[in-house]
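Student: Quick one: the structure is below, questions incoming.
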Amino acid sequence: MNSLGERMRAARLARGLTQQALAQGVATKGFICQVERNRATPSLPKLRILAERLGLPIGDLTGERPPAELTYLRKSAELAVKAGEPARALTLVDEGLALHPTANERADLFRVRGTAYDALNDLPNALAAHQLAAATAPSDDPELNAAIYVEIGTVLHAQEQFNAAIEASMRGLHWLDRCKHAEPGLRARVLTNLGRTSYSLGQTGEAMDYFERSLLAATDAESLFRIANAHMNLGVGARATGDLDRAIEHCNRALELYRRIGHDRSANRVLNNIGDVHFAAGRSVEAAQAQDRCLRRARELGDDLEVGVSAAELARYALGRGDLDATIEFAHESQAAAERANDHLHLARALAFEGQALDLQGQHQRADRCFQRAVTMLIERHASGKLAEVGAAYAEVLRSRGEFDRAFDLMRLMADRDFSKLPAAVAVRKR
């Protein structure tokens with residue numbers, strides 16, 4: 001038993017692993033089959049991850065002492081993140097840093113460390129690692145600097161620091177513009193980040209421009225995943241601008257591509273967008289069916305972000321048909337999931353739906369507390385688009401109570417974008 005394929009097959013069977021289980025996130029079942037038949041050879045970074053899954057040193061598979069080159073370690077660390085093993089990636093980065101890397105290599109290792117922390121949902125350490133990478137990266141490597149600022153923008157967006165995220169992404173775009181042969185996939189990613197953050201800030205026109213540019217870059221990169229992302233984002237943007245036919249067209253294209261490449265979570269999130277378009281077009285039955293499918297699948301996948309989004313939509317539908325108990329039930333599920341996902345924008349939206357339902361039940365102070373909490377967290381994140389939506393909902397609640405002066409004052413503050421006075425305007429008052 002001298003060949004790599006024979007050793008891998010014996011080790012896999014000894015561990016009780018299927019080819020599919022061994023390949024998960026690293027390769028395909030067919031590729032593992034080809035390796036075991038000595039018809040294909042994995043790269044060293046890929047082989048290292050496979051060896052660790054088999055509980056063996058890589059030398060036991062290759063018959064040689066494993067290399068310790070920095071490039072090998074960095075690529076292995078990146079692959080470990082993609083394979084869903086970020087803790088292992090951190091260990092590999094530490095091994096690389098111990099080999100006295102150059103300034104470029106050190107900066108790239110810090111970048112990979114940041115992506116590993118991001119995968120672990122440790123956003124403060126992720127941001128710190130990426131910022132260290134930015135401080136270390138030499139100015140004569142624009143593509144590395146661009147890659148670092150793309151990661152910084154991603155983490156800042158996840159932390160809902162939207163203005164800072166825009167600034168970081170613009171720096172990434174600036175560095176890419178200095179590259180003679182920049183990777184199109186990297187450009188697609190930074191443009192997508194700019195679009196999503198602009199959308200979160202209520203800047204729909206700017207967002208659509210970035211999404212259109214990201215689609216062109218993704219097409220140049222021949223990346224089905226990034227093309228699908230661009231179509232999904234364009235669908236969301238088209239829905240926001242009222243172009244419903246175009247929204248459905250983009251969403252259906254995104255759904256087709258995600259399913260083709262096996263991205264279940266992303267495909268499921270498109271269902272939420274499709275449901276939202278149906279609702280905007282007045283097709284409430286189709287909308288509810290799409291959102292219900294999305295919510296059920298999101299629960300199965302453990303996708304808290306999407307549970308928060310789809311449950312909030314179902315709360316909105318229930319409110320529209322006057323089912324207040326269902327509204328509150330869906331709103332509570334949305335809030336719990338959004339809080340776990342650190343998605344405060346949809347948490348605020350769900351609070352607003354709960355507040356409207358509570359007010360219709362005559363529980364005015366509880367309703368006020370929901371709106372106060374929602375407005376406070378949106379102000380902290382400078383989310384003007386969602387603030388306008390939540391503020392309008394609360395003004396309608398106040399009008400329905402006969403508190404016309406408060407409703408007028410609130411709408412005036414929203415129109416003037418005078419957010420500093422909003423907390424006082426929505427403060428809970430004793431009755």
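Chain identifiers are assigned as A, B, and so on, following the order in which chains appear in the structure tokens; residues are numbered from 1 within each chain, and ligands are numbered from 1 in order of appearance.
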Quick one: contact table of region 255-317 of chain A to region 228-245 of chain A, 10 Å max, nearest atom pair and distance in Å to one decimal per residue, counting only C-alpha atoms, chain and number order, as CSV?

Tutor:
```
residue,atom,partner,partner_atom,distance
A:Leu255,CA,A:Ala228,CA,7.5
A:Glu256,CA,A:Ala228,CA,8.3
A:Leu257,CA,A:Ala228,CA,5.7
A:Tyr258,CA,A:Ala228,CA,6.3
A:Arg259,CA,A:Ala228,CA,9.9
A:Ile261,CA,A:Ala228,CA,9.8
A:Ser266,CA,A:Asn229,CA,8.4
A:Ala267,CA,A:Ala228,CA,9.3
A:Arg269,CA,A:Met232,CA,9.0
A:Val270,CA,A:Met232,CA,6.7
A:Asn272,CA,A:Val236,CA,10.0
A:Asn273,CA,A:Val236,CA,6.5
A:Ile274,CA,A:Gly235,CA,8.6
A:Asp276,CA,A:Arg239,CA,8.0
A:Val277,CA,A:Arg239,CA,6.2
A:His278,CA,A:Leu244,CA,8.4
A:Ala280,CA,A:Leu244,CA,7.8
A:Ala281,CA,A:Leu244,CA,7.2
```

Student: Find the residues around Glu160 (chain A) up to 10 Å (only C-alpha atoms counted), leave out those fewer than 4 positions away in its own chain, and share them as a PDB file with N, CA and C atoms, in the first residue's frame.

Tutor:
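After the write, out.pdb holds the following:
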```pdb
ATOM      1  N   THR A 154     -16.698  44.561   5.112  1.00  0.00           N
ATOM      2  CA  THR A 154     -17.649  43.477   5.397  1.00  0.00           C
ATOM      3  C   THR A 154     -17.951  43.387   6.889  1.00  0.00           C
ATOM      4  N   VAL A 155     -16.905  43.447   7.711  1.00  0.00           N
ATOM      5  CA  VAL A 155     -17.095  43.325   9.155  1.00  0.00           C
ATOM      6  C   VAL A 155     -17.832  44.550   9.713  1.00  0.00           C
ATOM      7  N   LEU A 156     -17.462  45.739   9.241  1.00  0.00           N
ATOM      8  CA  LEU A 156     -18.128  46.950   9.726  1.00  0.00           C
ATOM      9  C   LEU A 156     -19.608  46.941   9.355  1.00  0.00           C
ATOM     10  N   ALA A 164     -18.886  53.960   8.469  1.00  0.00           N
ATOM     11  CA  ALA A 164     -17.501  53.475   8.467  1.00  0.00           C
ATOM     12  C   ALA A 164     -17.309  52.385   7.422  1.00  0.00           C
ATOM     13  N   ALA A 165     -18.336  51.559   7.220  1.00  0.00           N
ATOM     14  CA  ALA A 165     -18.257  50.496   6.218  1.00  0.00           C
ATOM     15  C   ALA A 165     -18.139  51.087   4.817  1.00  0.00           C
ATOM     16  N   THR A 197     -24.492  48.351   1.800  1.00  0.00           N
ATOM     17  CA  THR A 197     -24.407  49.352   2.856  1.00  0.00           C
ATOM     18  C   THR A 197     -25.179  50.608   2.472  1.00  0.00           C
ATOM     19  N   SER A 200     -28.753  49.929   3.125  1.00  0.00           N
ATOM     20  CA  SER A 200     -29.065  49.984   4.552  1.00  0.00           C
ATOM     21  C   SER A 200     -29.191  51.419   5.050  1.00  0.00           C
ATOM     22  N   ASN A 342     -27.445  39.409  15.461  1.00  0.00           N
ATOM     23  CA  ASN A 342     -26.970  40.802  15.545  1.00  0.00           C
ATOM     24  C   ASN A 342     -27.511  41.655  14.396  1.00  0.00           C
ATOM     25  N   ASP A 343     -28.747  41.364  13.991  1.00  0.00           N
ATOM     26  CA  ASP A 343     -29.392  42.100  12.902  1.00  0.00           C
ATOM     27  C   ASP A 343     -30.389  43.085  13.523  1.00  0.00           C
ATOM     28  N   HIS A 344     -29.896  44.241  13.904  1.00  0.00           N
ATOM     29  CA  HIS A 344     -30.736  45.191  14.630  1.00  0.00           C
ATOM     30  C   HIS A 344     -31.726  45.918  13.729  1.00  0.00           C
ATOM     31  N   LEU A 345     -31.481  45.944  12.435  1.00  0.00           N
ATOM     32  CA  LEU A 345     -32.424  46.590  11.534  1.00  0.00           C
ATOM     33  C   LEU A 345     -33.742  45.829  11.483  1.00  0.00           C
ATOM     34  N   LEU A 378     -32.101  52.294  15.804  1.00  0.00           N
ATOM     35  CA  LEU A 378     -31.914  52.745  14.426  1.00  0.00           C
ATOM     36  C   LEU A 378     -31.130  54.051  14.374  1.00  0.00           C
ATOM     37  N   GLU A 380     -28.843  54.907  16.534  1.00  0.00           N
ATOM     38  CA  GLU A 380     -27.455  54.547  16.834  1.00  0.00           C
ATOM     39  C   GLU A 380     -26.727  54.054  15.598  1.00  0.00           C
ATOM     40  N   ARG A 381     -27.472  53.498  14.639  1.00  0.00           N
ATOM     41  CA  ARG A 381     -26.853  52.910  13.449  1.00  0.00           C
ATOM     42  C   ARG A 381     -27.033  53.780  12.213  1.00  0.00           C
ATOM     43  N   HIS A 382     -27.575  54.977  12.389  1.00  0.00           N
ATOM     44  CA  HIS A 382     -27.747  55.942  11.292  1.00  0.00           C
ATOM     45  C   HIS A 382     -28.541  55.326  10.139  1.00  0.00           C
ATOM     46  N   ALA A 383     -29.494  54.458  10.464  1.00  0.00           N
ATOM     47  CA  ALA A 383     -30.272  53.750   9.444  1.00  0.00           C
ATOM     48  C   ALA A 383     -31.492  54.591   9.066  1.00  0.00           C
TER      49      ALA A 383
END
```

Student: Ranking A:Arg265, A:Arg349, A:Arg187, A:Arg253 by minimum distance to Arg171 (chain A) and counting only C-alpha atoms, which one comes first?

Tutor: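 Result for the nearest residue to Arg171 (chain A): A:Arg187.
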
Student: Compile the contact shell of region 362-377 of chain A as a ChimeraX atom specification: residues with an atom at most 8 Å away, counting only C-alpha atoms, same-chain residues fewer than 4 positions apart removed.

Tutor: /A:344,347-349,351-352,354-358,381,387,390-391,394,422-423,426-430

Student: Generate the output file for the selected residues, C-alpha atoms, as a short mmCIF file (atom, residue, chain, number, x, y, z; two decimals), in the first residue's frame.

Tutor:
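Result file is out-v5.cif:
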```cif
data_model
loop_
_atom_site.label_atom_id
_atom_site.label_comp_id
_atom_site.auth_asym_id
_atom_site.auth_seq_id
_atom_site.Cartn_x
_atom_site.Cartn_y
_atom_site.Cartn_z
CA HIS A 344 -30.74 45.19 14.63
CA LEU A 347 -35.13 43.57 15.10
CA ALA A 348 -36.33 47.19 15.03
CA ARG A 349 -38.79 46.39 12.25
CA LEU A 351 -40.58 45.70 17.27
CA ALA A 352 -42.57 48.19 15.20
CA GLU A 354 -45.41 44.30 17.64
CA GLY A 355 -45.97 47.90 18.75
CA GLN A 356 -48.73 48.39 16.18
CA ALA A 357 -50.47 45.17 17.24
CA LEU A 358 -50.20 46.02 20.95
CA ARG A 381 -26.85 52.91 13.45
CA LEU A 387 -36.09 55.12 10.64
CA VAL A 390 -40.66 52.93 11.70
CA GLY A 391 -41.31 56.64 12.32
CA TYR A 394 -45.52 55.26 14.95
CA LEU A 422 -36.39 61.72 17.91
CA PRO A 423 -35.71 59.98 21.27
CA VAL A 426 -40.96 58.81 21.06
CA ALA A 427 -40.35 58.78 24.84
CA VAL A 428 -42.87 56.71 26.79
CA ARG A 429 -45.28 59.01 28.62
CA LYS A 430 -47.18 58.27 31.79
#
```

Student: Do you know which residues are at most 8 Å from region 131-134 of chain A counting only C-alpha atoms, after dropping those on the same chain fewer than 4 positions away, and could you put them as JSON, numbers by chain?

Tutor: {"A": [106, 107, 108, 109, 110, 111, 127, 145, 148, 149, 152]}

Student: For Ala51 (chain A), find every residue with an atom within 12 Å (counting only C-alpha atoms), except residues of its own chain fewer than 3 positions away, and show them as a PyMOL selection string.

Tutor: chain A and resi 4+7-9+11-12+15+22-23+26+42-48+54-62+66+76

Student: Looking at A:Leu201, A:Ala331, A:Leu79, A:Val112, which one is nearest to Asp94 (chain A), with distances taken over only C-alpha atoms?

Tutor: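 Once distances to Asp94 (chain A) are computed over only C-alpha atoms, the minimum belongs to A:Val112.
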
Student: Please provide the set of residues having any atom within 10 Å of Thr71 (chain A), restricted to only C-alpha atoms, with same-chain residues fewer than 2 positions apart removed, written as a JSON list (two decimals) with N, CA and C atoms, in the first residue's frame.

Tutor:
```
[["chain", "number", "residue", "atom", "x", "y", "z"],
["A", 45, "PRO", "N", -2.30, 22.24, 0.25],
["A", 45, "PRO", "CA", -3.22, 22.81, 1.24],
["A", 45, "PRO", "C", -4.48, 21.98, 1.41],
["A", 68, "ALA", "N", 6.71, 23.45, 5.20],
["A", 68, "ALA", "CA", 6.32, 24.50, 6.14],
["A", 68, "ALA", "C", 6.40, 25.87, 5.49],
["A", 69, "GLU", "N", 6.32, 25.91, 4.14],
["A", 69, "GLU", "CA", 6.40, 27.18, 3.45],
["A", 69, "GLU", "C", 5.20, 28.05, 3.80],
["A", 73, "LEU", "N", 1.06, 27.30, 4.09],
["A", 73, "LEU", "CA", 0.30, 27.48, 5.33],
["A", 73, "LEU", "C", -0.85, 28.47, 5.14],
["A", 74, "ARG", "N", -0.60, 29.57, 4.42],
["A", 74, "ARG", "CA", -1.65, 30.57, 4.21],
["A", 74, "ARG", "C", -2.79, 29.98, 3.38],
["A", 75, "LYS", "N", -2.45, 29.26, 2.31],
["A", 75, "LYS", "CA", -3.50, 28.67, 1.48],
["A", 75, "LYS", "C", -4.28, 27.61, 2.26],
["A", 76, "SER", "N", -3.58, 26.87, 3.11],
["A", 76, "SER", "CA", -4.26, 25.87, 3.95],
["A", 76, "SER", "C", -5.22, 26.56, 4.91],
["A", 77, "ALA", "N", -4.78, 27.69, 5.47],
["A", 77, "ALA", "CA", -5.64, 28.43, 6.41],
["A", 77, "ALA", "C", -6.88, 28.96, 5.70],
["A", 96, "GLY", "N", 2.28, 30.12, 10.48],
["A", 96, "GLY", "CA", 2.89, 30.96, 9.47],
["A", 96, "GLY", "C", 3.58, 32.17, 10.05],
["A", 101, "PRO", "N", 7.64, 35.97, 8.48],
["A", 101, "PRO", "CA", 7.20, 36.34, 7.13],
["A", 101, "PRO", "C", 7.64, 37.76, 6.76],
["A", 105, "GLU", "N", 3.56, 39.14, 3.47],
["A", 105, "GLU", "CA", 3.07, 37.85, 3.97],
["A", 105, "GLU", "C", 2.41, 38.00, 5.33],
["A", 109, "LEU", "N", -1.47, 37.15, 6.25],
["A", 109, "LEU", "CA", -1.82, 36.20, 7.32],
["A", 109, "LEU", "C", -2.78, 36.85, 8.32]]
```

Student: Which residue out of A:Val190, A:Leu305, A:Leu120, A:Ala10 has the minimum interatomic distance to Asn268 (chain A) when only C-alpha atoms are used?

Tutor: A:Leu305

Student: Please provide as a list in words all residues within 12 Å of Glu300 (chain A), with the sequence filter that same-chain residues fewer than 5 positions apart are discarded (counting only C-alpha atoms).

Tutor: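 Here the qualifying residues turn out to be Asp264, Arg265, Asn268, Arg293, Cys294, Leu295, Glu306 and Val307 of chain A.
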
Student: Go ahead and dump the residues you just picked, C-alpha atoms, as a PDB file, in the first residue's frame.

Tutor:
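Output (result.pdb):
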```pdb
ATOM      1  CA  ASP A 264     -29.231  26.367   0.039  1.00  0.00           C
ATOM      2  CA  ARG A 265     -29.202  29.330   2.434  1.00  0.00           C
ATOM      3  CA  ASN A 268     -33.866  30.257   0.567  1.00  0.00           C
ATOM      4  CA  ARG A 293     -41.656  28.232   2.907  1.00  0.00           C
ATOM      5  CA  CYS A 294     -38.714  30.523   3.576  1.00  0.00           C
ATOM      6  CA  LEU A 295     -39.295  30.569   7.340  1.00  0.00           C
ATOM      7  CA  GLU A 306     -33.351  34.692   7.571  1.00  0.00           C
ATOM      8  CA  VAL A 307     -35.679  33.567  10.372  1.00  0.00           C
TER       9      VAL A 307
END
```

Student: Rank nothing, just name the residue among A:His181, A:Arg340, A:Phe162, A:Arg260 nearest to Ile379 (chain A), using only C-alpha atoms.

Tutor: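 Smallest separation from Ile379 (chain A) among the options: A:Phe162.
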
Student: Pick from A:Ala103, A:Ala336, A:Ile49, A:Ala128: nearest to Ala89 (chain A), with only C-alpha atoms counted?

Tutor: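 Smallest distance to Ala89 (chain A) is found for A:Ile49.
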